[in-house]
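The structure appears right after this line, and notes come after that.
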2 protein chains.
Amino acid sequence: MQVDSSGLQVLSREECLGLLSTTPIGRIVFTEHALPAVQPVNFHLDGRSIVIRTSTGSNLAAATRHAVVAFEADEFDSELRTGWSVTAVGQARAVTDPDEIHRLAALPLTAWAPGSRDHYIVVDAEQVSGRRITH
Amino acid sequence: MQVDSSGLQVLSREECLGLLSTTPIGRIVFTEHALPAVQPVNFHLDGRSIVIRTSTGSNLAAATRHAVVAFEADEFDSELRTGWSVTAVGQARAVTDPDEIHRLAALPLTAWAPGSRDHYIVVDAEQVSGRRITH
């Protein structure tokens with residue numbers, strides 16, 4: 001078991017991707033008006049890509065266009081004080097190819113927020129890292 | 001009830017600060033080596049300041065020095081597909097004044113991660129925004 005300088009267990013890439021596939025909510029981290037910004041999103045892990053569904057005119061769609069973003073998901077147990085977090089960093093791209101949109105629309109990805117969500121953002125998880133707190 | 005363009009309920013500053021005081025974990029969002037970075041942290045809301053405890057030599061301590069950062073906390077219910085999120089943006093500062101360190105050390109703020117955590121970072125929640133998904 002590898003441990004980092006903070007005493008947290010370091011997760012392998014496979015463990016990270018496995019954990020990302022267990023949770024429907026993550027947070028996309030980007031820059032907006034030169035300030036750090038973060039927004040929770042529903043997502044689905046499709047291979048090594050994080051697929052996010054939003055609306056075409058959303059701030060998220062505009063701010064993540066051609067940007068390198070971070071994506072984080074985690075799960076913590078307040079009673080046990082344990083948990084894990086996984087962060088992926090990669091290029092975000094808006095999906096414009098009709099065939100790819102058709103394929104992504106068939107994924108088990110439902111946005112909890114109301115309204116039309118027919119715009120897909122894909123983040124390629126180029127760098128993935130994760131930590132676990134156990135006792 | 002105010003609703004944003006995504007159909008989410010807009011929370012007031014008071015509601016946001018109230019919700020931040022109900023959860024022990026948030027995520028600090030910053031820039032590291034010119035890339036977006038995010039790290040879960042234990043925190044305590046002290047008035048309108050977010051207090052984070054870390055170790056002096058941590059990446060977090062180095063990367064957030066004199067930086068404007070975002071801080072996010074949320075809580076979602078996967079069954080009900082409801083939840084809230086609050087984001088604060090503000091200047092981060094390392095606490096160096098011995099009297100202030102003494103006062104902060106008395107706060108109910110315990111880091112879940114092991115090891116010494118005698119370095120305090122305070123984020124002044126200058127801009128606070130929050131959303132709630134209800135059905």
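Letters A, B, ... mark the chains of the structure tokens in the order given; residue numbers begin at 1 per chain; ligand numbers begin at 1, in order shown.
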Which chain A residues have any atom within 8 Å of an atom of chain B, and for each, what is the nearest pair of atoms with distance in Å to one decimal, counting only C-alpha atoms, rows sorted by chain and number, as JSON lines?
{"residue": "A:Ser6", "atom": "CA", "partner": "B:Gly115", "partner_atom": "CA", "distance": 6.5}
{"residue": "A:Gly7", "atom": "CA", "partner": "B:Pro114", "partner_atom": "CA", "distance": 5.7}
{"residue": "A:Leu8", "atom": "CA", "partner": "B:Ala113", "partner_atom": "CA", "distance": 6.7}
{"residue": "A:Pro24", "atom": "CA", "partner": "B:Ser78", "partner_atom": "CA", "distance": 7.6}
{"residue": "A:Val29", "atom": "CA", "partner": "B:Pro36", "partner_atom": "CA", "distance": 6.5}
{"residue": "A:Phe30", "atom": "CA", "partner": "B:Pro36", "partner_atom": "CA", "distance": 6.3}
{"residue": "A:Thr31", "atom": "CA", "partner": "B:Pro36", "partner_atom": "CA", "distance": 7.7}
{"residue": "A:Leu35", "atom": "CA", "partner": "B:Val68", "partner_atom": "CA", "distance": 7.2}
{"residue": "A:Pro36", "atom": "CA", "partner": "B:Ala70", "partner_atom": "CA", "distance": 5.6}
{"residue": "A:Ala37", "atom": "CA", "partner": "B:Ala70", "partner_atom": "CA", "distance": 6.2}
{"residue": "A:Val38", "atom": "CA", "partner": "B:Glu72", "partner_atom": "CA", "distance": 7.0}
{"residue": "A:Pro40", "atom": "CA", "partner": "B:Ser85", "partner_atom": "CA", "distance": 7.4}
{"residue": "A:Ser58", "atom": "CA", "partner": "B:Ser6", "partner_atom": "CA", "distance": 7.8}
{"residue": "A:Val68", "atom": "CA", "partner": "B:Leu35", "partner_atom": "CA", "distance": 7.2}
{"residue": "A:Val69", "atom": "CA", "partner": "B:Pro36", "partner_atom": "CA", "distance": 6.0}
{"residue": "A:Ala70", "atom": "CA", "partner": "B:Pro36", "partner_atom": "CA", "distance": 5.7}
{"residue": "A:Glu72", "atom": "CA", "partner": "B:Val38", "partner_atom": "CA", "distance": 7.0}
{"residue": "A:Ser78", "atom": "CA", "partner": "B:Pro24", "partner_atom": "CA", "distance": 7.6}
{"residue": "A:Arg81", "atom": "CA", "partner": "B:Trp112", "partner_atom": "CA", "distance": 5.9}
{"residue": "A:Thr82", "atom": "CA", "partner": "B:Trp112", "partner_atom": "CA", "distance": 7.4}
{"residue": "A:Ser85", "atom": "CA", "partner": "B:Pro40", "partner_atom": "CA", "distance": 7.4}
{"residue": "A:Thr87", "atom": "CA", "partner": "B:Val38", "partner_atom": "CA", "distance": 7.4}
{"residue": "A:Val89", "atom": "CA", "partner": "B:Pro36", "partner_atom": "CA", "distance": 7.8}
{"residue": "A:Trp112", "atom": "CA", "partner": "B:Arg81", "partner_atom": "CA", "distance": 5.9}
{"residue": "A:Ala113", "atom": "CA", "partner": "B:Ile133", "partner_atom": "CA", "distance": 6.4}
{"residue": "A:Pro114", "atom": "CA", "partner": "B:Gly7", "partner_atom": "CA", "distance": 5.7}
{"residue": "A:Gly115", "atom": "CA", "partner": "B:Ser6", "partner_atom": "CA", "distance": 6.5}
{"residue": "A:Ile133", "atom": "CA", "partner": "B:Ala113", "partner_atom": "CA", "distance": 6.4}
Name the residues of chain A that fall into strand (DSSP E or B) according to DSSP on the backbone, using the chain letters and numbers of this document, as a ChimeraX atom specification.
/A:3,9-11,25-32,35-46,49-54,68-77,82-94,119-124,127-133
So how many Å separate atom CA of A:Leu17 and atom CA of A:Asp118, to one decimal?
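Computed distance, atom CA of A:Leu17 to atom CA of A:Asp118, equals 25.1 Å.
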Which residues are close to A:Val123, i.e. within 6 Å by only C-alpha atoms, leaving aside same-chain residues fewer than 6 positions away? Reply as a PyMOL selection string.
chain A and resi 49-50+90-92
If you keep all heavy atoms, can you produce a file of those selected residues as a PDB file, in the first residue's frame?
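Output file result_8.pdb follows:
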ATOM      1  N   SER A  49     -13.237   8.300 -20.411  1.00  0.00           N
ATOM      2  CA  SER A  49     -13.773   9.650 -20.608  1.00  0.00           C
ATOM      3  C   SER A  49     -14.898   9.933 -19.632  1.00  0.00           C
ATOM      4  O   SER A  49     -15.737   9.068 -19.371  1.00  0.00           O
ATOM      5  CB  SER A  49     -14.327   9.787 -22.031  1.00  0.00           C
ATOM      6  OG  SER A  49     -13.291   9.640 -22.962  1.00  0.00           O
ATOM      7  N   ILE A  50     -14.903  11.147 -19.127  1.00  0.00           N
ATOM      8  CA  ILE A  50     -15.974  11.606 -18.244  1.00  0.00           C
ATOM      9  C   ILE A  50     -16.978  12.353 -19.111  1.00  0.00           C
ATOM     10  O   ILE A  50     -16.622  13.334 -19.766  1.00  0.00           O
ATOM     11  CB  ILE A  50     -15.388  12.510 -17.148  1.00  0.00           C
ATOM     12  CG1 ILE A  50     -14.527  11.660 -16.210  1.00  0.00           C
ATOM     13  CG2 ILE A  50     -16.487  13.232 -16.382  1.00  0.00           C
ATOM     14  CD1 ILE A  50     -13.384  12.400 -15.608  1.00  0.00           C
ATOM     15  N   GLY A  90      -7.793  16.876 -17.501  1.00  0.00           N
ATOM     16  CA  GLY A  90      -7.698  16.636 -18.935  1.00  0.00           C
ATOM     17  C   GLY A  90      -8.396  17.715 -19.737  1.00  0.00           C
ATOM     18  O   GLY A  90      -9.015  18.640 -19.193  1.00  0.00           O
ATOM     19  N   GLN A  91      -8.284  17.571 -21.011  1.00  0.00           N
ATOM     20  CA  GLN A  91      -8.882  18.510 -21.962  1.00  0.00           C
ATOM     21  C   GLN A  91     -10.392  18.278 -22.029  1.00  0.00           C
ATOM     22  O   GLN A  91     -10.820  17.126 -22.136  1.00  0.00           O
ATOM     23  CB  GLN A  91      -8.249  18.235 -23.331  1.00  0.00           C
ATOM     24  CG  GLN A  91      -8.648  19.166 -24.435  1.00  0.00           C
ATOM     25  CD  GLN A  91      -7.854  20.464 -24.397  1.00  0.00           C
ATOM     26  OE1 GLN A  91      -6.695  20.468 -24.019  1.00  0.00           O
ATOM     27  NE2 GLN A  91      -8.490  21.555 -24.780  1.00  0.00           N
ATOM     28  N   ALA A  92     -11.154  19.349 -21.950  1.00  0.00           N
ATOM     29  CA  ALA A  92     -12.603  19.239 -22.144  1.00  0.00           C
ATOM     30  C   ALA A  92     -12.920  19.556 -23.600  1.00  0.00           C
ATOM     31  O   ALA A  92     -12.281  20.410 -24.215  1.00  0.00           O
ATOM     32  CB  ALA A  92     -13.335  20.219 -21.234  1.00  0.00           C
TER      33      ALA A  92
END
What does the distance from atom CA of B:Asp46 to atom CA of B:His66 come to in Å, to one decimal?
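Between atom CA of B:Asp46 and atom CA of B:His66 the gap works out to 19.6 Å.
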What are the DSSP helix (DSSP H, G or I) residues of stretch 11-120 of chain B, as a PyMOL selection string?
chain B and resi 13-20+59-63+98-105
